[in-house]
$ cat structure.txt   # compact mmCIF, C-alpha atoms
# COMPACT_ATOMS: atom_id res chain seq x y z
CA MET A 146 12.22 -244.88 65.42
CA ARG A 147 13.32 -242.26 67.93
CA SER A 148 14.36 -239.86 65.14
CA ILE A 149 10.97 -240.30 63.45
CA SER A 150 9.08 -239.50 66.65
CA ALA A 151 11.25 -236.41 67.17
CA ALA A 152 10.69 -235.14 63.61
CA PRO A 153 7.57 -233.04 64.39
CA HIS A 154 9.38 -231.32 67.28
CA VAL A 155 12.44 -230.63 65.14
CA PHE A 156 10.25 -229.26 62.34
CA TRP A 157 8.40 -227.03 64.83
CA ALA A 158 11.66 -225.72 66.32
CA ILE A 159 13.11 -224.96 62.88
CA LEU A 160 9.93 -223.27 61.62
CA PHE A 161 9.08 -221.15 64.65
CA ILE A 162 12.42 -220.67 66.47
CA ILE A 163 15.46 -221.07 64.23
CA LEU A 164 14.00 -219.61 61.02
CA PRO A 165 12.66 -216.42 62.70
CA LEU A 166 16.07 -215.92 64.35
CA ILE A 167 17.79 -216.22 60.98
CA ILE A 168 15.37 -213.68 59.48
CA VAL A 169 16.02 -211.25 62.36
CA VAL A 170 19.80 -211.58 61.91
CA PHE A 171 19.47 -211.08 58.13
CA TYR A 172 17.45 -207.86 58.47
CA ALA A 173 19.67 -206.59 61.28
CA PHE A 174 22.77 -206.67 59.05
CA THR A 175 21.24 -205.46 55.78
CA ASP A 176 19.89 -202.14 54.59
CA ALA A 177 16.60 -201.41 52.83
CA ASP A 178 18.08 -202.66 49.54
CA GLY A 179 19.24 -205.95 51.05
CA ALA A 180 22.94 -205.02 51.00
CA PHE A 181 25.17 -205.96 53.93
CA SER A 182 25.50 -203.08 56.40
CA PHE A 183 26.42 -202.26 60.00
CA GLU A 184 24.41 -199.03 60.00
CA ASN A 185 21.50 -200.58 61.88
CA ILE A 186 23.77 -201.73 64.71
CA ALA A 187 25.57 -198.36 64.79
CA SER A 188 22.26 -196.49 65.06
CA LEU A 189 21.37 -198.30 68.29
CA SER A 190 23.26 -195.68 70.31
CA GLU A 191 20.14 -193.53 69.92
CA TYR A 192 18.16 -196.00 72.01
CA VAL A 193 20.52 -196.45 74.98
CA SER A 194 18.29 -194.42 77.33
CA ILE A 195 15.29 -196.53 76.33
CA PHE A 196 17.27 -199.71 77.00
CA TRP A 197 18.18 -198.49 80.48
CA LEU A 198 14.64 -197.40 81.30
CA SER A 199 13.27 -200.78 80.19
CA LEU A 200 15.88 -202.59 82.29
CA GLU A 201 15.20 -200.36 85.29
CA LEU A 202 11.44 -200.96 85.29
CA ALA A 203 11.90 -204.68 84.60
CA ILE A 204 14.30 -205.07 87.54
CA ILE A 205 11.96 -203.18 89.88
CA ALA A 206 8.97 -205.27 88.77
CA THR A 207 10.99 -208.48 89.19
CA ALA A 208 12.13 -207.44 92.68
CA VAL A 209 8.55 -206.65 93.72
CA CYS A 210 7.37 -210.00 92.34
CA LEU A 211 10.09 -211.76 94.34
CA VAL A 212 9.25 -209.91 97.57
CA ILE A 213 5.56 -210.75 97.18
CA GLY A 214 5.94 -214.11 95.47
CA TYR A 215 8.37 -215.88 97.80
CA PRO A 216 6.25 -215.56 100.97
CA LEU A 217 3.16 -216.45 98.95
CA ALA A 218 4.86 -219.56 97.52
CA TYR A 219 6.08 -220.51 101.00
CA ILE A 220 2.58 -220.19 102.47
CA ILE A 221 1.07 -222.27 99.67
CA ALA A 222 3.75 -224.96 99.98
CA ARG A 223 3.21 -225.20 103.76
CA SER A 224 -0.57 -225.46 103.45
CA GLY A 225 -2.53 -228.68 103.31
CA GLN A 226 -3.17 -230.46 100.03
CA ARG A 227 -6.71 -229.16 99.68
CA ALA A 228 -5.70 -225.60 100.54
CA GLN A 229 -2.83 -225.81 98.06
CA ARG A 230 -5.18 -226.72 95.23
CA VAL A 231 -7.52 -223.85 96.10
CA LEU A 232 -4.69 -221.29 96.41
CA ILE A 233 -3.03 -222.39 93.16
CA MET A 234 -6.38 -222.15 91.38
CA LEU A 235 -6.91 -218.62 92.74
CA LEU A 236 -3.39 -217.68 91.66
CA MET A 237 -3.90 -219.00 88.14
CA LEU A 238 -7.48 -217.78 87.72
CA PRO A 239 -6.51 -214.34 86.29
CA MET A 240 -4.25 -216.10 83.78
CA TRP A 241 -7.31 -217.66 82.19
CA THR A 242 -8.16 -214.17 80.93
CA ASN A 243 -6.30 -212.70 77.96
CA LEU A 244 -3.43 -210.31 78.74
CA LEU A 245 -5.10 -207.52 76.76
CA ILE A 246 -8.31 -207.81 78.76
CA ARG A 247 -6.40 -207.89 82.05
CA THR A 248 -4.47 -204.76 81.08
CA TYR A 249 -7.66 -202.94 80.08
CA SER A 250 -9.17 -203.96 83.43
CA ILE A 251 -6.22 -202.42 85.27
CA MET A 252 -6.69 -199.24 83.22
CA ALA A 253 -10.35 -199.14 84.25
CA ILE A 254 -9.32 -199.47 87.90
CA LEU A 255 -6.39 -197.00 87.93
CA ASP A 256 -7.62 -194.38 85.45
CA ASP A 257 -8.29 -190.82 86.65
CA GLY A 258 -12.02 -191.45 86.59
CA GLY A 259 -11.68 -195.16 87.30
CA PHE A 260 -12.88 -197.45 90.04
CA LEU A 261 -10.09 -196.70 92.52
CA ASN A 262 -10.43 -192.91 92.40
CA SER A 263 -14.22 -193.19 92.54
CA LEU A 264 -14.04 -195.52 95.54
CA LEU A 265 -11.60 -193.30 97.45
CA ASN A 266 -13.19 -190.08 96.17
CA THR A 267 -9.76 -188.83 95.07
CA SER A 268 -8.13 -187.66 91.85
CA PHE A 269 -4.82 -189.49 91.86
CA HIS A 270 -3.15 -189.57 88.45
CA ILE A 271 -1.78 -193.09 88.18
CA VAL A 272 -2.09 -194.14 84.54
CA GLY A 273 0.74 -192.56 82.57
CA THR A 274 3.32 -193.08 85.32
CA LYS A 275 6.13 -195.59 85.74
CA GLY A 276 4.39 -196.87 88.86
CA ALA A 277 1.36 -197.90 86.82
CA VAL A 278 3.54 -199.82 84.35
CA ILE A 279 5.38 -201.58 87.18
CA PHE A 280 2.04 -202.43 88.79
CA GLY A 281 0.83 -203.90 85.50
CA MET A 282 3.97 -205.99 85.13
CA VAL A 283 3.69 -207.31 88.68
CA TYR A 284 0.01 -208.12 88.26
CA ASP A 285 0.52 -209.94 84.97
CA PHE A 286 3.77 -211.78 85.75
CA LEU A 287 3.50 -212.58 89.49
CA PRO A 288 2.31 -216.19 88.90
CA TYR A 289 5.49 -216.82 86.90
CA MET A 290 7.46 -216.04 90.06
CA VAL A 291 5.27 -217.93 92.52
CA LEU A 292 4.89 -221.24 90.68
CA PRO A 293 8.60 -222.19 90.27
CA ILE A 294 9.35 -221.25 93.88
CA TYR A 295 6.30 -223.13 95.15
CA THR A 296 7.29 -226.21 93.15
CA CYS A 297 10.84 -226.07 94.51
CA ILE A 298 9.77 -225.61 98.15
CA SER A 299 7.11 -228.32 97.97
CA LYS A 300 9.75 -230.81 96.77
CA ILE A 301 12.08 -230.22 99.73
CA ASP A 302 12.34 -233.32 101.87
CA LYS A 303 10.18 -232.97 104.99
CA ASN A 304 13.05 -234.43 107.00
CA MET A 305 14.91 -231.16 106.41
CA TRP A 306 12.30 -229.28 108.43
CA GLU A 307 12.45 -231.83 111.23
CA ALA A 308 16.25 -231.90 111.25
CA ALA A 309 16.40 -228.11 111.48
CA ALA A 310 13.95 -228.16 114.40
CA ASP A 311 15.97 -230.88 116.15
CA LEU A 312 19.09 -228.73 115.81
CA GLY A 313 17.36 -225.83 117.55
CA CYS A 314 16.26 -223.75 114.57
CA ASN A 315 13.02 -221.83 114.86
CA SER A 316 10.76 -221.24 111.85
CA TRP A 317 12.57 -218.06 110.82
CA THR A 318 16.05 -219.59 111.07
CA THR A 319 14.88 -222.68 109.18
CA LEU A 320 13.54 -220.48 106.41
CA LEU A 321 16.72 -218.42 106.08
CA LYS A 322 19.38 -221.12 106.48
CA VAL A 323 17.66 -224.19 105.03
CA ILE A 324 14.61 -223.51 102.88
CA PHE A 325 15.83 -220.36 101.14
CA PRO A 326 19.15 -221.88 99.91
CA LEU A 327 17.41 -225.09 98.82
CA SER A 328 14.82 -223.10 96.86
CA MET A 329 17.42 -221.00 95.04
CA SER A 330 16.85 -222.82 91.75
CA GLY A 331 13.15 -221.90 91.93
CA ILE A 332 14.06 -218.28 92.64
CA ILE A 333 16.39 -218.18 89.63
CA SER A 334 13.68 -219.67 87.42
CA GLY A 335 11.09 -217.20 88.73
CA VAL A 336 13.38 -214.21 88.26
CA THR A 337 14.13 -215.31 84.71
CA MET A 338 10.47 -215.91 83.85
CA VAL A 339 9.51 -212.43 85.11
CA LEU A 340 12.52 -210.40 83.99
CA VAL A 341 12.52 -211.53 80.36
CA PRO A 342 8.88 -210.62 79.50
CA SER A 343 9.12 -207.46 81.63
CA ILE A 344 12.04 -206.14 79.57
CA SER A 345 10.38 -206.84 76.24
CA THR A 346 6.77 -205.97 77.07
CA PHE A 347 5.10 -203.28 75.00
CA TYR A 348 1.34 -203.54 75.45
CA ILE A 349 1.44 -202.94 79.21
CA SER A 350 3.68 -199.90 78.80
CA GLN A 351 1.54 -198.52 75.98
CA LYS A 352 -1.73 -198.69 77.88
CA LEU A 353 -0.62 -198.02 81.46
CA GLY A 354 2.22 -195.69 80.44
CA GLY A 355 -0.24 -193.51 78.57
CA GLY A 356 2.32 -192.68 75.87
CA THR A 357 4.34 -190.50 78.28
CA PHE A 358 7.46 -192.63 77.84
CA GLU A 359 8.64 -195.47 75.63
CA LEU A 360 10.15 -198.84 76.50
CA ILE A 361 12.23 -201.01 74.21
CA GLY A 362 9.27 -203.20 73.30
CA ASP A 363 7.36 -200.12 72.17
CA THR A 364 10.35 -199.02 70.11
CA ILE A 365 10.62 -202.39 68.35
CA GLU A 366 6.91 -202.40 67.57
CA ARG A 367 7.05 -198.83 66.26
CA GLN A 368 9.96 -199.69 63.97
CA PHE A 369 8.08 -202.60 62.43
CA VAL A 370 4.80 -200.70 62.15
CA THR A 371 6.48 -197.77 60.39
CA GLY A 372 8.32 -200.09 58.00
CA ALA A 373 11.79 -199.69 59.53
CA LEU A 374 12.29 -203.46 59.59
CA ASN A 375 16.08 -203.33 59.62
CA THR A 376 16.34 -201.07 62.67
CA GLY A 377 13.66 -203.05 64.47
CA ALA A 378 15.49 -206.29 63.72
CA ALA A 379 18.77 -204.82 64.99
CA ILE A 380 17.17 -203.79 68.28
CA SER A 381 15.53 -207.22 68.57
CA LEU A 382 18.87 -208.93 67.95
CA VAL A 383 20.61 -206.94 70.68
CA MET A 384 17.72 -207.69 73.04
CA MET A 385 17.99 -211.41 72.31
CA ILE A 386 21.74 -211.37 72.97
CA LEU A 387 21.31 -209.50 76.27
CA ILE A 388 18.54 -211.85 77.37
CA LEU A 389 20.61 -214.93 76.49
CA LEU A 390 23.58 -213.53 78.43
CA SER A 391 21.32 -212.83 81.41
CA LEU A 392 19.89 -216.35 81.26
CA THR A 393 23.41 -217.82 81.12
CA VAL A 394 24.54 -215.84 84.15
CA MET A 395 21.39 -216.69 86.11
CA ASN A 396 21.66 -220.38 85.28
CA LYS A 397 25.30 -220.51 86.35
CA PHE A 398 24.44 -218.67 89.55
CA GLY A 399 21.55 -221.04 90.20
CA ASP A 400 23.70 -224.13 89.54
CA SER A 401 26.40 -222.90 91.90
CA ASN A 402 23.87 -222.43 94.71
CA ASP A 403 21.57 -225.36 93.98
CA GLY A 404 21.25 -227.53 97.01
CA GLY A 405 23.62 -225.43 99.10
CA ILE A 406 22.88 -224.49 102.69
CA ILE A 407 24.01 -221.24 104.26
CA VAL A 408 25.77 -221.79 107.57
$ encode --input "structure.txt" --output "structure tokens"
Amino acid sequence: MRSISAAPHVFWAILFIILPLIIVVFYAFTDADGAFSFENIASLSEYVSIFWLSLELAIIATAVCLVIGYPLAYIIARSGQRAQRVLIMLLMLPMWTNLLIRTYSIMAILDDGGFLNSLLNTSFHIVGTKGAVIFGMVYDFLPYMVLPIYTCISKIDKNMWEAAADLGCNSWTTLLKVIFPLSMSGIISGVTMVLVPSISTFYISQKLGGGTFELIGDTIERQFVTGALNTGAAISLVMMILILLSLTVMNKFGDSNDGGIIV
């Protein structure tokens, strides 16, 4: 009975996860004629600089999300139940709008003749810079950082706060030596949920980057659009491997610190 109930989930996983991965691996190790080849993997040396740029911007965006998201999650978790519901709703409200529309909205705000320059009566050139792309990533992916951390902090036993106060800890010491270590699993989840889409994003970089530079997501899309399926699949395969390695390292790091308290 259990196997029957799991059948739809297994079918879904095979059709939309395992089968696409097999197709990507097949195209990555074949040429245009379908013959086995390592040429696609060997040609990836041409895209090393793009890999590094994508990783650089993704790490910066993830760090900014963490710096903004942790205090925000802490404030929400320490608020009353009614305030928590309101703040979570406000945090999630932009997510109800499609990513494409949100990105176009940011373009309208940051463009040379956009809302921001008109409001400040300036002529700052923002769209087409790395800063604009990082801003777009932070805006779009910040909730993915806040929610896991908020969930983790809100589940911490209230006795921990009282015990820390009884032992002479002030609010700042309690946060650093008790709450922060106990919320490490939420931090790891948030970092993962922001870093992965930031590395592979292409629409944000296309619109807010203004075509002045290219990230790895843009490169993969361009390869598929131009018909270079094999090269695009090879880049995608390497990206998947790097992401899986990153997830493995982060999960091990999170497990080793889960529940620990810094003394």
$ atom_distance --input "structure.txt" --atom1 "atom CA of A:Met234" --atom2 "atom CA of A:Leu217"
13.4 Å
$ residues_around --input "structure.txt" --residues "A:Ser268" --least-positions-apart "5" --cutoff "10 Å" --atoms "all atoms listed in the file" --output "PDB file with C-alpha atoms, in the coordinates of the input"
ATOM      1  CA  ASP A 256      -7.620-194.380  85.450  1.00  0.00           C
ATOM      2  CA  ASP A 257      -8.290-190.820  86.650  1.00  0.00           C
ATOM      3  CA  GLY A 258     -12.020-191.450  86.590  1.00  0.00           C
ATOM      4  CA  GLY A 259     -11.680-195.160  87.300  1.00  0.00           C
ATOM      5  CA  LEU A 261     -10.090-196.700  92.520  1.00  0.00           C
ATOM      6  CA  ASN A 262     -10.430-192.910  92.400  1.00  0.00           C
ATOM      7  CA  SER A 263     -14.220-193.190  92.540  1.00  0.00           C
TER       8      SER A 263
END
$ closest_residue --input "structure.txt" --among "A:Cys210, A:Met252, A:Ala222, A:Val383" --to "A:Lys300" --atoms "all atoms listed in the file"
A:Ala222
$ residues_around --input "structure.txt" --residues "A:Pro293" --least-positions-apart "3" --cutoff "9 Å" --atoms "all atoms listed in the file" --output "list in words"
Ala218, Pro288, Tyr289, Met290, Thr296, Cys297, Ile298, Ser330, Gly331, Ile332, Ile333, Ser334 and Gly335 of chain A
$ atom_distance --input "structure.txt" --atom1 "atom CA of A:Leu389" --atom2 "atom CA of A:Phe325"
25.7 Å
$ closest_residue --input "structure.txt" --among "A:Leu255, A:Met282, A:Leu238, A:Ala228" --to "A:Met338" --atoms "only C-alpha atoms"
A:Met282
$ atom_distance --input "structure.txt" --atom1 "atom CA of A:Val209" --atom2 "atom CA of A:Tyr295"
16.7 Å
$ residues_around --input "structure.txt" --residues "A:Tyr284" --least-positions-apart "3" --cutoff "9 Å" --atoms "only C-alpha atoms" --output "list in words"
Cys210, Arg247, Ile251, Ile279, Phe280, Gly281, Leu287 and Pro288 of chain A
$ closest_residue --input "structure.txt" --among "A:Ala203, A:Ile324, A:Ile168, A:Val272" --to "A:Gly362" --atoms "all atoms listed in the file"
A:Ala203
$ closest_residue --input "structure.txt" --among "A:Asn315, A:Leu211, A:Thr274, A:Ile221" --to "A:Thr337" --atoms "only C-alpha atoms"
A:Leu211
$ closest_residue --input "structure.txt" --among "A:Lys352, A:Arg223, A:Ile233, A:Ala173" --to "A:Ser188" --atoms "all atoms listed in the file"
A:Ala173
$ closest_residue --input "structure.txt" --among "A:Ile205, A:Leu264, A:Thr248, A:Leu166" --to "A:Tyr348" --atoms "only C-alpha atoms"
A:Thr248
$ residues_near_point --input "structure.txt" --point "(23.6, -199.1, 61.9)" --cutoff "9 Å" --atoms "all atoms listed in the file" --output "ChimeraX atom specification"
/A:173-174,176,182-189,375-376,379
$ residues_around --input "structure.txt" --residues "A:Thr319" --least-positions-apart "5" --cutoff "10 Å" --atoms "only C-alpha atoms" --output "PyMOL selection string"
chain A and resi 305-310+312-314+324-325
